[in-house]
Amino acid sequence: REQLEVHKTRRRGDAHEMSAPRVDCPLFWDRLERLYSNWRANRDSTDNPNWKADAIIICGGLTTDESRKTNALQLWLFGYEFTETLICFAENVVLILSSPKKVNILEPITGSVDGRSSSVPIKFLTKEKDNLNDLFKEISTTIDSSFSGKSIGILKRENISGPFADAWMSHLTGMRQDHLDVAPAVSELFSVKDQAELKAIKTAALISGHVLRMNLLPAIEKTIDSEKNMTHQQLSKQTEAIFSTPEQISSKLSAELVDSCYTPLVQSGGVYDLRAGAASNQDNLHFGTIIVGLGARYKSYCSNVARTYLVDATKDQEEAYNLLLECHQVVCQNLKPGIPINEIHSAVVSLVQSKNPDLVPKLTKNLGFSMGIEFMESAYVINDKNKKLIQPNMVFNIGIGFQGLELKENPKNDPKKQMYALFVADTVLVTKDQPEIMTEKSPKNFTEISYKLDDKKEEVAPPKKKTKSPQPVRTSPVETETKLRSSTGKARKDEQQKLAAEAKRKEHQKELEEKKRREAQEIYARKQKKGKTTETKEVTVVNSYKDPSQFPVTESVNKIIVDTTHESVLMPIYGMLVPFHISTIKNASKGTDEEYLRINFNTSDNADANNNVVYIKELTYRSSDTKALATALRLIKELRKRVSQRDEKLRLESDIVEQDKLIISKGRNPRLSDIFVRPSPTGRKTTGILEGHTNGFRFTTPKGANVDILYKNIAHAFFQPAENELLVLIHFHLNHAIMIGKKKTQDVQFCTEVMEVSQALDGRYKHGEDELEDEQRERQLRARLNNEFQSFVKRIEEATGLEFDMPYSDLGFSGVPHRSNVLLQPTVNCLVNLTEQPFFVMSLKAVEIAYFERVQFSLKNFDLVFVMKDYSKPVIHINAIGIDFLESIKEWLDSCDIKYYEGTQTLNWNRIMGVIQADPQKFHTEEGGWSFLNPDSDEDEDDGEQSSDFEGGGDSDGYGSESEDEDEFSEASDEDEVEDEDSEEDEGEDWDVLERKAAREDDEKKMTRQKRGRDFDSDEEREEEEREKKRKQSASVKSGGGKMAAGGASKGSGSGSKGAGAGARSGKPATSLPLKKRT
């Protein structure tokens, strides 16, 4: 008897350990109050006689197999099933009679939680060996004083057994009160669901649809393709086994939570039973009309889905099935609060009568029923006699069918096809507006459930090719002769489904494009009403010295002085030391001649309003003291490096938001031990402990270093179990970056490895049983770590409401978001790569559009570009994606309501975003927005030249800004650039022409040097000139006879004055050599 205690406290609805069940007290109090409010409101009502009883008695027997309503009520109240337990609901008290162990489990419901307790007093009666009669008498006394004490409500149809149940029934027959059946009242109580119940039913419906689509239907298709014999019962048992291992459906599910409502139903071959509770027979599956149905139970709450699959359907079958779908739609449209149930049935009968009167007698008598913790709640069956009103938050199993149908034409004279039936069932939630079909993901349109089998050859017609479509085009019609008569039909069915899905996707994309265009126009129309706001750039003013007293004292004014204290460089100009702050200096360098020092300055890009202001662009100094110049150059570079590092650190920390203090909570907090964080605060792999506290997480290393993450700073949280990876991890993408060690990061990850590395000391490899043991240990370690992390995630979700996403591995694809090829996986809200660093997390809500580049039939890879809604952020490139992933990525983007475009070229996104940022209102309101990316858009041909400016790979690091490392002499006038681009006369020149040009340039350079008073006075200068000539010839060889490569500037042109003292140049653009003459 003691061994039965585990069974007595069995709970289907929770994953807690069986040895320590725990009742959810607030939920019990809510539902107990709901029971009493319904009872008191309807006890004296003449319209509802179900609640007339003066007291209600619910008694459980030794087993739970034959007392379904009793078990359902116990599960609804406590979340558990308790055997040999009696509950008496009286007017002012609830009596619970049970064993000491179960009383100990239920005792918390008499207490209080957060100042709240039960609205009805609860009293426990503990049964011992010889005190049952005394306890029964106390219950009788309580019933006598409850209301009028004349009637007792019981569940008359419940068949309870066992010594305790027999003793109670014997006592009940001797009581004076009348016995009323309260089963309809209990069904009414279950009919309207609360949020916890609805959540469980939605999960159950998802499980039902998944098992049907991914398990039962593929098994049927495989049987048809292979033409093997398989009975209905075999298919049914094979499907039912899935519910015993729900981990195959989702890693979040466990066997304690999931069960099947009934043994899955499979019917075919002319024998059909559409009643609830029908079973599969032992006949072989017949390739004609196949009816399947299954229901999943999650946390004791039921769902149901049923479909009919037609093989080689006739025209009559197609018409009858489409009419059945219309009836299903009529029922769903009328499932609204306040509608009488019989009116729904009448609307369906009227529809069938108007469309096909011969099918009215074939229509099932009941069109569905409400469901929840009970599979069928008998109080709300949809038929012509039930006048009860629909209420919000009811859940119905809408099951409609035609039975006893007969084919008018039987082309193959198959007797098993002559008689057939049609049936469709869905789990539907009643809302205030439109009903929600929870099993809608299981397709039921005729084109999606019909199979066409043919022994002859078939031609699969290709989709129509658009003239401007960049997509790869399928080959011409292909003839395929089938080995099995079902394979061609399935191929054509798959092709039809693919084309239908593509057409539906294109239509949805058009709607998205129009929607985005309207939204953009509305946004900029509102901004136009408010008036344009001009943004002013903040100008930073730097002062080297605030007053003359800070000026350094020096003996010589013809000397460059580096003042590290005030971060300035004092340069002699016309006999005076002029201070320049180090931030105004762009770079400093010495040429091949050690006597010259050139200093370049940062200049303003925009012309100043005051024309008298002149910006110094360059200063060049000459000195015979080469050591002094070298020292000045070194000090300038060191000071500039130090200031640059400080400014970079300030820039990185500028957007770091100061976090609130972490509130440490006491007690048993959610904890993960022996894990490491990425990035590491110490720069090396360090293990530590992660704990969840009141307002955030804290990761603590053995040396006392802490990493704090507040819940409100977490934008996205992810949990990735170690299924196909070597890491099990929890990842946080933050709203605002934080500092970990000396690094700023917006992604923080806590993980651990699931593989143990071992090696034999004698150097021998393991074989046979040793390898099997290692694999077994690795599987156990993987499962243990996954469970630890999953348990931690569940506790955090329950305590804080923080939701964790899990990557969908089946939707993953390979690509290059940074520098290496990684596996990118979608989640509900993001696209992520959490395994390899640097991490990649892109929020889908921030995406404006997606663009597929290089989509060509001849290429095996393509690129994907995401444009952000915030145009100031750079676009995100994912390169080198396999062409096999193209359709699946399109389907995923379309399901996320993201508009995408595609093309054959790579676009210059820097220039495109620069144009958009210049005037986004004009771009969206006057230029059609993103429609220029549409390959089949009807634009003028004159726009071709303009759009071609966007083609070609641009620099992805910025929007057309010049690099700081670009040489000052590389600036050329517009005329020189045009001349260089348009002229092609230098291409293909032979060696003689190149040598003559090189000689002419050497002569020009020599003349220039002679004018400046620097002829060849030493052998060193001559050797330097020879080396320069060789470099030019080497550049000519590398160019292959084409234009000279652009690189550094010529030494002999554009340099500043090299006489004694300093020469200054204006900040206006200087004329330099054309590109074709640079080396």
# chains A, B, ... in the order shown; residues from 1 in each chain; ligands from 1
>>> residues_around(residues="region 276-292 of chain A", least_positions_apart="4", cutoff="10 Å", atoms="only C-alpha atoms", output="short mmCIF file (atom, residue, chain, number, x, y, z; two decimals) with C-alpha atoms, in the first residue's frame")
data_model
loop_
_atom_site.label_atom_id
_atom_site.label_comp_id
_atom_site.auth_asym_id
_atom_site.auth_seq_id
_atom_site.Cartn_x
_atom_site.Cartn_y
_atom_site.Cartn_z
CA LEU A 212 1.04 15.24 -37.43
CA LEU A 216 2.47 10.69 -38.89
CA LEU A 217 2.15 12.26 -42.34
CA ILE A 220 2.02 7.61 -44.45
CA GLU A 221 3.84 9.13 -47.44
CA THR A 223 4.28 3.80 -46.95
CA ILE A 224 2.66 5.02 -50.17
CA GLU A 227 4.03 0.42 -51.54
CA LYS A 228 4.65 -1.68 -48.46
CA ASN A 229 1.89 -3.08 -46.30
CA MET A 230 1.43 -1.38 -42.98
CA THR A 231 -1.67 -1.63 -40.85
CA HIS A 232 -3.57 1.25 -39.31
CA GLN A 233 -2.66 0.05 -35.82
CA GLN A 234 1.04 -0.07 -36.66
CA LEU A 235 0.99 3.53 -37.84
CA SER A 236 -1.02 4.48 -34.79
CA LYS A 237 1.35 2.86 -32.28
CA TYR A 262 -5.98 9.09 -27.12
CA THR A 263 -4.31 6.55 -29.36
CA PRO A 264 -3.79 8.29 -32.75
CA LEU A 265 -6.46 7.39 -35.30
CA VAL A 266 -5.74 6.13 -38.83
CA GLN A 267 -8.60 5.01 -41.12
CA SER A 268 -8.76 4.11 -44.81
CA GLY A 269 -10.15 1.50 -47.22
CA GLY A 270 -13.86 2.36 -47.03
CA VAL A 271 -14.31 1.73 -43.27
CA TYR A 272 -14.67 5.00 -41.39
CA VAL A 305 -6.21 17.89 -34.86
CA ALA A 306 -7.56 15.69 -37.67
CA ARG A 307 -7.05 15.75 -41.43
CA THR A 308 -8.23 13.88 -44.52
CA TYR A 309 -5.72 13.01 -47.24
CA LEU A 310 -7.01 12.16 -50.72
CA VAL A 311 -5.09 10.03 -53.22
CA ASP A 312 -6.20 10.29 -56.87
CA ALA A 313 -9.24 12.32 -55.84
CA GLN A 317 -14.45 14.38 -53.86
CA ASN A 366 -22.06 17.09 -33.67
CA GLY A 368 -17.36 19.77 -32.12
CA PHE A 375 -10.98 15.95 -23.77
CA MET A 376 -14.76 16.43 -24.19
CA GLY A 399 -14.62 18.55 -35.89
CA ASP A 414 -11.34 -0.23 -56.68
CA LYS A 416 -12.24 0.03 -51.26
CA LYS A 417 -12.43 3.46 -52.85
CA GLN A 418 -16.15 3.28 -53.51
CA MET A 419 -17.19 4.32 -49.99
CA TYR A 420 -15.37 7.17 -48.30
CA ALA A 421 -15.69 9.88 -45.65
CA LEU A 422 -14.24 13.34 -45.10
CA PHE A 423 -13.26 14.83 -41.75
CA VAL A 424 -11.36 17.90 -40.50
CA ALA A 425 -10.74 18.92 -36.88
CA SER A 450 -4.32 15.75 -52.26
CA TYR A 451 -1.94 13.31 -53.92
CA LEU A 453 -0.50 9.05 -58.52
CA SER A 486 3.48 7.10 -56.26
#
>>> residues_around(residues="Ser250 (chain A)", least_positions_apart="5", cutoff="10 Å", atoms="only C-alpha atoms", output="PDB file with N, CA, C and O atoms, in the first residue's frame")
ATOM      1  N   ILE A 207       2.197  20.894 -30.189  1.00  0.00           N
ATOM      2  CA  ILE A 207       2.727  19.526 -30.198  1.00  0.00           C
ATOM      3  C   ILE A 207       1.909  18.656 -31.148  1.00  0.00           C
ATOM      4  O   ILE A 207       2.470  17.867 -31.925  1.00  0.00           O
ATOM      5  N   HIS A 210       2.770  19.473 -34.718  1.00  0.00           N
ATOM      6  CA  HIS A 210       4.129  19.035 -35.057  1.00  0.00           C
ATOM      7  C   HIS A 210       4.172  17.530 -35.299  1.00  0.00           C
ATOM      8  O   HIS A 210       4.790  17.062 -36.266  1.00  0.00           O
ATOM      9  N   THR A 245       8.532  10.066 -25.819  1.00  0.00           N
ATOM     10  CA  THR A 245       9.871  10.687 -25.904  1.00  0.00           C
ATOM     11  C   THR A 245       9.721  12.080 -26.516  1.00  0.00           C
ATOM     12  O   THR A 245      10.134  12.326 -27.652  1.00  0.00           O
TER      13      THR A 245
END
>>> residues_around(residues="Val103 (chain A)", least_positions_apart="6", cutoff="10 Å", atoms="only C-alpha atoms", output="number ranges by chain")
A: 85, 96-97, 124-127
>>> write_last_selection(atoms="N, CA and C atoms", output="compact mmCIF listing (two decimals), in the first residue's frame")
# COMPACT_ATOMS: atom_id res chain seq x y z
N THR A 85 -9.26 10.03 -1.63
CA THR A 85 -9.38 11.36 -1.01
C THR A 85 -10.79 11.87 -1.25
N ILE A 96 -11.58 18.22 3.70
CA ILE A 96 -10.75 17.33 2.89
C ILE A 96 -10.34 16.16 3.77
N LEU A 97 -10.79 14.96 3.38
CA LEU A 97 -10.51 13.73 4.12
C LEU A 97 -9.51 12.91 3.32
N PHE A 124 -8.96 19.92 7.41
CA PHE A 124 -8.49 18.60 7.04
C PHE A 124 -9.00 17.56 8.05
N LEU A 125 -9.41 16.42 7.53
CA LEU A 125 -9.80 15.27 8.34
C LEU A 125 -8.83 14.14 7.99
N THR A 126 -8.00 13.76 8.94
CA THR A 126 -6.98 12.75 8.70
C THR A 126 -7.52 11.38 9.07
N LYS A 127 -7.52 10.48 8.12
CA LYS A 127 -8.08 9.15 8.36
C LYS A 127 -7.01 8.24 8.97
>>> select_by_dssp(residues="region 22-239 of chain A", states="helix (DSSP H, G or I)", output="ChimeraX atom specification")
/A:25-42,49-51,68-78,100-110,132-144,163-173,183-191,195-226,232-239
>>> closest_residue(among="A:Cys751, A:Met739, A:Pro246, A:Pro411", to="Lys685 (chain A)", atoms="only C-alpha atoms")
A:Cys751
>>> residues_around(residues="Gln434 (chain A)", least_positions_apart="3", cutoff="12 Å", atoms="only C-alpha atoms", output="number ranges by chain")
A: 329, 331-337, 392-393, 428-431, 437
>>> atom_distance(atom1="CA of Pro721 (chain A)", atom2="CA of Glu773 (chain A)")
22.5 Å
>>> closest_residue(among="A:Asp810, A:Glu723, A:Asp897, A:Asp1003", to="Arg782 (chain A)", atoms="only C-alpha atoms")
A:Glu723
>>> closest_residue(among="A:Phe551, A:Tyr301, A:Phe804, A:Phe866", to="Cys261 (chain A)", atoms="only C-alpha atoms")
A:Tyr301
>>> closest_residue(among="A:Glu891, A:Glu798, A:Asp426, A:Glu84", to="Ala503 (chain A)", atoms="only C-alpha atoms")
A:Glu891
